[in-house]
Structure formats: C-alpha cells, structure tokens
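Trainee: A single structure is presented below for examination.
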Amino acid sequence: MSDKHRPPEGRYAACANGLRMHYLDAGEGPVVVLLHGSGPGASGYSNFKGNYPAFVEQGYRCVVPDLVGFGYSDKPENVDHTLGFFVECLKQTLDAAGVQRCAVIGNSLGGAVAIGLALDYPDLVERLVLMAPGGMSEREEYLQMPGMQKMFEVYLSEEGVTPARMREMFESGLVYDRGHITEELVAERMHVMELMNGHVMVSMDIPYLPEKLSGLTCPLLAFWGTDDQMMPESGLLALAREGSNMKMIVLSECGHWAMVEHEKLFNRECLQFFQA
C-alpha cells in the first residue's frame, strides 16, 4: 500500500499496563478527545480528519487516540477487549498526555468508551458528544443490522479484506451518500488494515448501557442518522429516554458517520456545545 495514503503518525503513550497507545496531539487550549469506532482499518485520524483541525483552529487542543487493537496502537492477543479494558487503556493514555479535564467525542465503539470513561472518571470528563454510541441495544439486535452483518462478513471472509470489499462494507450502511467513500479513504483504511489482527473484533464485549446513563453528571450532545444501518433504532430511543441534560440532533440523509456526512454542521454544533 502506498505511503501517500498512510495516516499521520503522532505520539505514543507508555501505559501503566505495559501497552502502547498511539495518539495525535494538535493545538493548544481546552482539551477535546476524539474516539473512533470499530471496524476493519479503523483509526482516530480516519474518523475525525475533517473535524479536529476545525477545533484546533478555534483554540482547542485535540487528542485523537487509536483505541487499543486499532490503528498504530498495540494489538494484544491475550486479553478480551471489554469496555473496562478500553477505558483503562484510554485513561492511562490521557494520564501520559497530561490531560486532567476534557470534552470527549465518541462515535460507535468510541461512544461506548466515552460513556465508560465519563462514568468512571466524572472529574475528568466535563462534556460528552456521542454519535450513535455502542451499547445502546442488546447484542442480538446489533447482529440483525445489515451494516453489522456486512462488516463481519467482510472481516471474516476467506478472501480477507480487499479494497473492493472494504468499499462494499462502507456502502452497506456507514454512509447515506456514497460519494463520501473515496478511493483515498479506502486506501487509507486498507493501509491500517495491514496492521490489524482479528482478535479485537472477535473479543470485543460492550455491555448494555442505557440504564447507566443516569449516572452521567456532564452535559451531553448526541447525533444519530436516520439511515444508520449499523445501530438499531432501539438504541436511538434508549439514548433519548435515558439521557439527561442532553441535546439530541437526529439527521436525515445520514448513516453512521454524522461527523463525515454532515461535517460542517457537526463541527459547528460541537463548538457551540463546548462554549456553552
């Protein structure tokens, strides 16, 4: 894979648990942490390259980690990737980066990790932005979603993940407008895919979280696309009913990547939320 599509490499945190976590660190000011979702070739840069520079321009320091098992971060094969494990690795990374207070943005898996971090460390997380976060529906419901089925079909197929199958996976539910699936994006994700092992996907264990949302003490901003084929609509309803101190934005003509398909709106709403 050509290096021109290689995501930028930033810093590495030596976590107290012995693992190394990669993260991009840009700008100065109040800290915003951006947490990506799962899937073949996922990384922080790939999810948020259209967002974090806009926040940096407005005076924020953006920390964009690759969650353990993804991107340039370590990929241990001897542990289950539970929510607690993701939170542990993230907190130790933020400690290493000197982050004491932050707003956290999380998409999909990253949304579940953001919720877990805010619940475990309420003095750390002062604001929370969620885009179709994981853990809002039961596992059986997720496995019935067309986009989720396609992701596991592609990831576990005998031929492996090819550029054509990567594109097919994206077009089956991650976006409403297929124009967002560019050759650059596919090549970028394929480059990261070469670094992955399958353990993170098969050992991932995110619990059902709606009944825990009442324990959140920080303000929430939530986004959900009406054309999301990855997350069941039951998750949208659970988040709306159980979340408090929350503004929810439901977007038409939008799949699973609100921050990509509605980039300007997303950036504007987040900045207003940070400054409120």
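Every chain in the structure tokens takes a letter, A first, then B, and so on in the order presented; its residues are numbered from 1, and the ligands are numbered from 1 following the presented order.
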Each residue of region 28-57 of chain A with at least one atom at most 7 Å from region 262-267 of chain A should appear once, together with its nearest atom pair and the corresponding distance in Å (one decimal); atoms considered: only C-alpha atoms; ordering: chain, then increasing residue number; output as JSON lines.
Mentor:
```
{"residue": "A:Gly50", "atom": "CA", "partner": "A:Glu263", "partner_atom": "CA", "distance": 6.8}
{"residue": "A:Asn51", "atom": "CA", "partner": "A:Asn267", "partner_atom": "CA", "distance": 6.2}
{"residue": "A:Ala54", "atom": "CA", "partner": "A:Asn267", "partner_atom": "CA", "distance": 7.0}
```
Trainee: Choose the residue, out of A:Arg11, A:Arg101, A:Lys49, A:Arg6, that has the smallest atom-to-atom separation from Val32 (chain A); count only C-alpha atoms.
Mentor: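 For Val32 (chain A), the nearest of the candidates is A:Arg101.
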Trainee: Counting only C-alpha atoms, what is within 7 Å of Leu251 (chain A), bar same-chain residues fewer than 3 positions away, as a PyMOL selection string?
Mentor: chain A and resi 224-226+254
Trainee: Could you give me, as JSON lines, every region 155-256 of chain A residue with an atom at most 9 Å from region 78-85 of chain A, plus its closest atom pair and distance in Å to one decimal, counting only C-alpha atoms, rows ordered by chain then number?
Mentor:
```
{"residue": "A:His199", "atom": "CA", "partner": "A:Asp80", "partner_atom": "CA", "distance": 8.2}
{"residue": "A:Val200", "atom": "CA", "partner": "A:His81", "partner_atom": "CA", "distance": 6.1}
{"residue": "A:Met201", "atom": "CA", "partner": "A:His81", "partner_atom": "CA", "distance": 8.3}
{"residue": "A:Val202", "atom": "CA", "partner": "A:His81", "partner_atom": "CA", "distance": 8.7}
{"residue": "A:Ser203", "atom": "CA", "partner": "A:Asp80", "partner_atom": "CA", "distance": 5.1}
{"residue": "A:Met204", "atom": "CA", "partner": "A:His81", "partner_atom": "CA", "distance": 4.6}
{"residue": "A:Asp205", "atom": "CA", "partner": "A:Thr82", "partner_atom": "CA", "distance": 4.7}
{"residue": "A:Ile206", "atom": "CA", "partner": "A:Leu83", "partner_atom": "CA", "distance": 5.4}
{"residue": "A:Pro207", "atom": "CA", "partner": "A:Leu83", "partner_atom": "CA", "distance": 7.4}
```
Trainee: Atoms to include: N, CA and C atoms. Write the selected residues as an mmCIF file, in the first residue's frame.
Mentor:
```
data_model
loop_
_atom_site.group_PDB
_atom_site.id
_atom_site.type_symbol
_atom_site.label_atom_id
_atom_site.label_comp_id
_atom_site.auth_asym_id
_atom_site.auth_seq_id
_atom_site.Cartn_x
_atom_site.Cartn_y
_atom_site.Cartn_z
ATOM 1 N N HIS A 199 -8.241 -10.261 16.604
ATOM 2 C CA HIS A 199 -8.639 -10.538 17.979
ATOM 3 C C HIS A 199 -9.552 -9.459 18.554
ATOM 4 N N VAL A 200 -9.280 -8.202 18.234
ATOM 5 C CA VAL A 200 -10.071 -7.123 18.815
ATOM 6 C C VAL A 200 -11.540 -7.243 18.406
ATOM 7 N N MET A 201 -11.786 -7.650 17.159
ATOM 8 C CA MET A 201 -13.165 -7.731 16.679
ATOM 9 C C MET A 201 -13.918 -8.910 17.296
ATOM 10 N N VAL A 202 -13.244 -10.040 17.445
ATOM 11 C CA VAL A 202 -13.940 -11.229 17.949
ATOM 12 C C VAL A 202 -14.041 -11.243 19.470
ATOM 13 N N SER A 203 -13.188 -10.473 20.158
ATOM 14 C CA SER A 203 -13.217 -10.481 21.624
ATOM 15 C C SER A 203 -13.865 -9.234 22.219
ATOM 16 N N MET A 204 -14.384 -8.348 21.367
ATOM 17 C CA MET A 204 -14.992 -7.110 21.850
ATOM 18 C C MET A 204 -16.273 -7.424 22.631
ATOM 19 N N ASP A 205 -16.412 -6.800 23.789
ATOM 20 C CA ASP A 205 -17.568 -7.073 24.656
ATOM 21 C C ASP A 205 -18.024 -5.768 25.294
ATOM 22 N N ILE A 206 -19.062 -5.180 24.698
ATOM 23 C CA ILE A 206 -19.614 -3.917 25.196
ATOM 24 C C ILE A 206 -20.963 -4.206 25.842
ATOM 25 N N PRO A 207 -21.153 -3.876 27.112
ATOM 26 C CA PRO A 207 -22.409 -4.195 27.805
ATOM 27 C C PRO A 207 -23.547 -3.271 27.384
#
```
Trainee: Would you list the contacts of region 17-23 of chain A as a PyMOL selection string, taking every protein, DNA or RNA residue within 7 Å and counting only C-alpha atoms, but skipping same-chain residues closer than 4 positions in sequence?
Mentor: chain A and resi 10-13+63-66+68+72-74+93
Trainee: Just the residues within 8 Å of region 175-178 of chain A, please, counting only C-alpha atoms, with nothing from its chain fewer than 6 positions along; format it as a ChimeraX atom specification.
Mentor: /A:227-228,253-257,261
Trainee: Determine the nearest neighbour of Arg268 (chain A) from the options A:Lys150, A:Gln58, A:Glu77, A:Glu141, counting only C-alpha atoms.
Mentor: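 Checking each of A:Lys150, A:Gln58, A:Glu77, A:Glu141 against Arg268 (chain A), counting only C-alpha atoms, the winner is A:Gln58.
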Trainee: Skip Glu138 (chain A) itself and residues of its chain fewer than 5 positions away, then list as a PyMOL selection string all residues within 10 Å of it, counting only C-alpha atoms.
Mentor: chain A and resi 143+206-209+232+234-235
Trainee: Can you write just those residues out, N, CA and C atoms, as a PDB file, in the first residue's frame?
Mentor:
```
ATOM      1  N   LEU A 143     -26.608  -7.662  15.739  1.00  0.00           N
ATOM      2  CA  LEU A 143     -26.255  -8.685  14.761  1.00  0.00           C
ATOM      3  C   LEU A 143     -27.304  -8.836  13.667  1.00  0.00           C
ATOM      4  N   ILE A 206     -19.062  -5.180  24.698  1.00  0.00           N
ATOM      5  CA  ILE A 206     -19.614  -3.917  25.196  1.00  0.00           C
ATOM      6  C   ILE A 206     -20.963  -4.206  25.842  1.00  0.00           C
ATOM      7  N   PRO A 207     -21.153  -3.876  27.112  1.00  0.00           N
ATOM      8  CA  PRO A 207     -22.409  -4.195  27.805  1.00  0.00           C
ATOM      9  C   PRO A 207     -23.547  -3.271  27.384  1.00  0.00           C
ATOM     10  N   TYR A 208     -24.737  -3.623  27.812  1.00  0.00           N
ATOM     11  CA  TYR A 208     -25.918  -2.791  27.591  1.00  0.00           C
ATOM     12  C   TYR A 208     -25.852  -1.607  28.553  1.00  0.00           C
ATOM     13  N   LEU A 209     -25.855  -0.394  28.013  1.00  0.00           N
ATOM     14  CA  LEU A 209     -25.522   0.788  28.813  1.00  0.00           C
ATOM     15  C   LEU A 209     -26.667   1.733  29.171  1.00  0.00           C
ATOM     16  N   PRO A 232     -29.250  -0.253  15.745  1.00  0.00           N
ATOM     17  CA  PRO A 232     -30.713  -0.374  15.746  1.00  0.00           C
ATOM     18  C   PRO A 232     -31.385   0.903  16.231  1.00  0.00           C
ATOM     19  N   SER A 234     -33.711   1.053  18.215  1.00  0.00           N
ATOM     20  CA  SER A 234     -33.958   0.931  19.654  1.00  0.00           C
ATOM     21  C   SER A 234     -32.896   1.683  20.448  1.00  0.00           C
ATOM     22  N   GLY A 235     -31.683   1.766  19.896  1.00  0.00           N
ATOM     23  CA  GLY A 235     -30.611   2.495  20.571  1.00  0.00           C
ATOM     24  C   GLY A 235     -30.864   3.987  20.595  1.00  0.00           C
TER      25      GLY A 235
END
```
Trainee: At a cut-off of 12 Å, using only C-alpha atoms, what residues contact Leu216 (chain A)? Leave out same-chain residues fewer than 4 positions from it and give the result as a VMD selection string.
Mentor: chain A and resid 114 to 128 209 to 212 220 242 to 246
Trainee: Produce a file of the selected residues containing C-alpha atoms, as a CSV table (one decimal), in the first residue's frame.
Mentor:
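Listing of out-v1.csv after writing:
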```csv
chain,number,residue,atom,x,y,z
A,114,ALA,CA,-16.6,7.8,26.1
A,115,ILE,CA,-19.6,6.9,28.3
A,116,GLY,CA,-17.5,4.4,30.3
A,117,LEU,CA,-14.8,7.0,30.8
A,118,ALA,CA,-17.3,9.6,32.0
A,119,LEU,CA,-18.9,7.2,34.4
A,120,ASP,CA,-15.6,6.0,35.9
A,121,TYR,CA,-13.9,9.4,35.9
A,122,PRO,CA,-16.6,12.2,36.3
A,123,ASP,CA,-13.9,14.7,37.3
A,124,LEU,CA,-12.1,14.2,34.1
A,125,VAL,CA,-14.9,14.4,31.5
A,126,GLU,CA,-16.7,17.8,31.5
A,127,ARG,CA,-18.7,17.4,28.3
A,128,LEU,CA,-19.7,14.4,26.2
A,209,LEU,CA,-25.5,0.8,28.8
A,210,PRO,CA,-28.9,2.7,28.8
A,211,GLU,CA,-29.6,2.1,32.5
A,212,LYS,CA,-26.2,3.5,33.4
A,220,LEU,CA,-24.5,15.6,26.6
A,242,GLU,CA,-32.4,7.6,29.4
A,243,GLY,CA,-30.0,10.5,28.7
A,244,SER,CA,-30.4,13.7,30.7
A,245,ASN,CA,-29.1,17.2,30.3
A,246,MET,CA,-28.8,16.3,26.7
```
Trainee: Among the residues of region 195-251 of chain A, find those DSSP assigns to alpha helix (DSSP H) from the backbone and print them as a PyMOL selection string.
Mentor: chain A and resi 199-203+233-242
Trainee: At what distance in Å, to one decimal, does CA of Val87 (chain A) lie from CA of Asp25 (chain A)?
Mentor: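 Separation of CA of Asp25 (chain A) and CA of Val87 (chain A): 18.8 Å.
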Trainee: By how many Å are CA of Val56 (chain A) and CA of Gly69 (chain A) apart?
Mentor: 26.5 Å
Trainee: In Å, rounded to a single decimal, give me how far CA of Gln149 (chain A) is from CA of Ser172 (chain A).
Mentor: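 Going from CA of Ser172 (chain A) over to CA of Gln149 (chain A) covers 9.5 Å.
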Trainee: Could you tell me which of A:Ser214, A:Asn47, A:Gln92, A:Ser137 comes closest to Ile105 (chain A) if we count only C-alpha atoms?
Mentor: A:Asn47
Trainee: Given only C-alpha atoms as the basis, pick out the residue of A:Gly29, A:Gly98, A:Gly71, A:Pro40 nearest to Glu57 (chain A).
Mentor: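 The closest residue to Glu57 (chain A) is A:Gly29.
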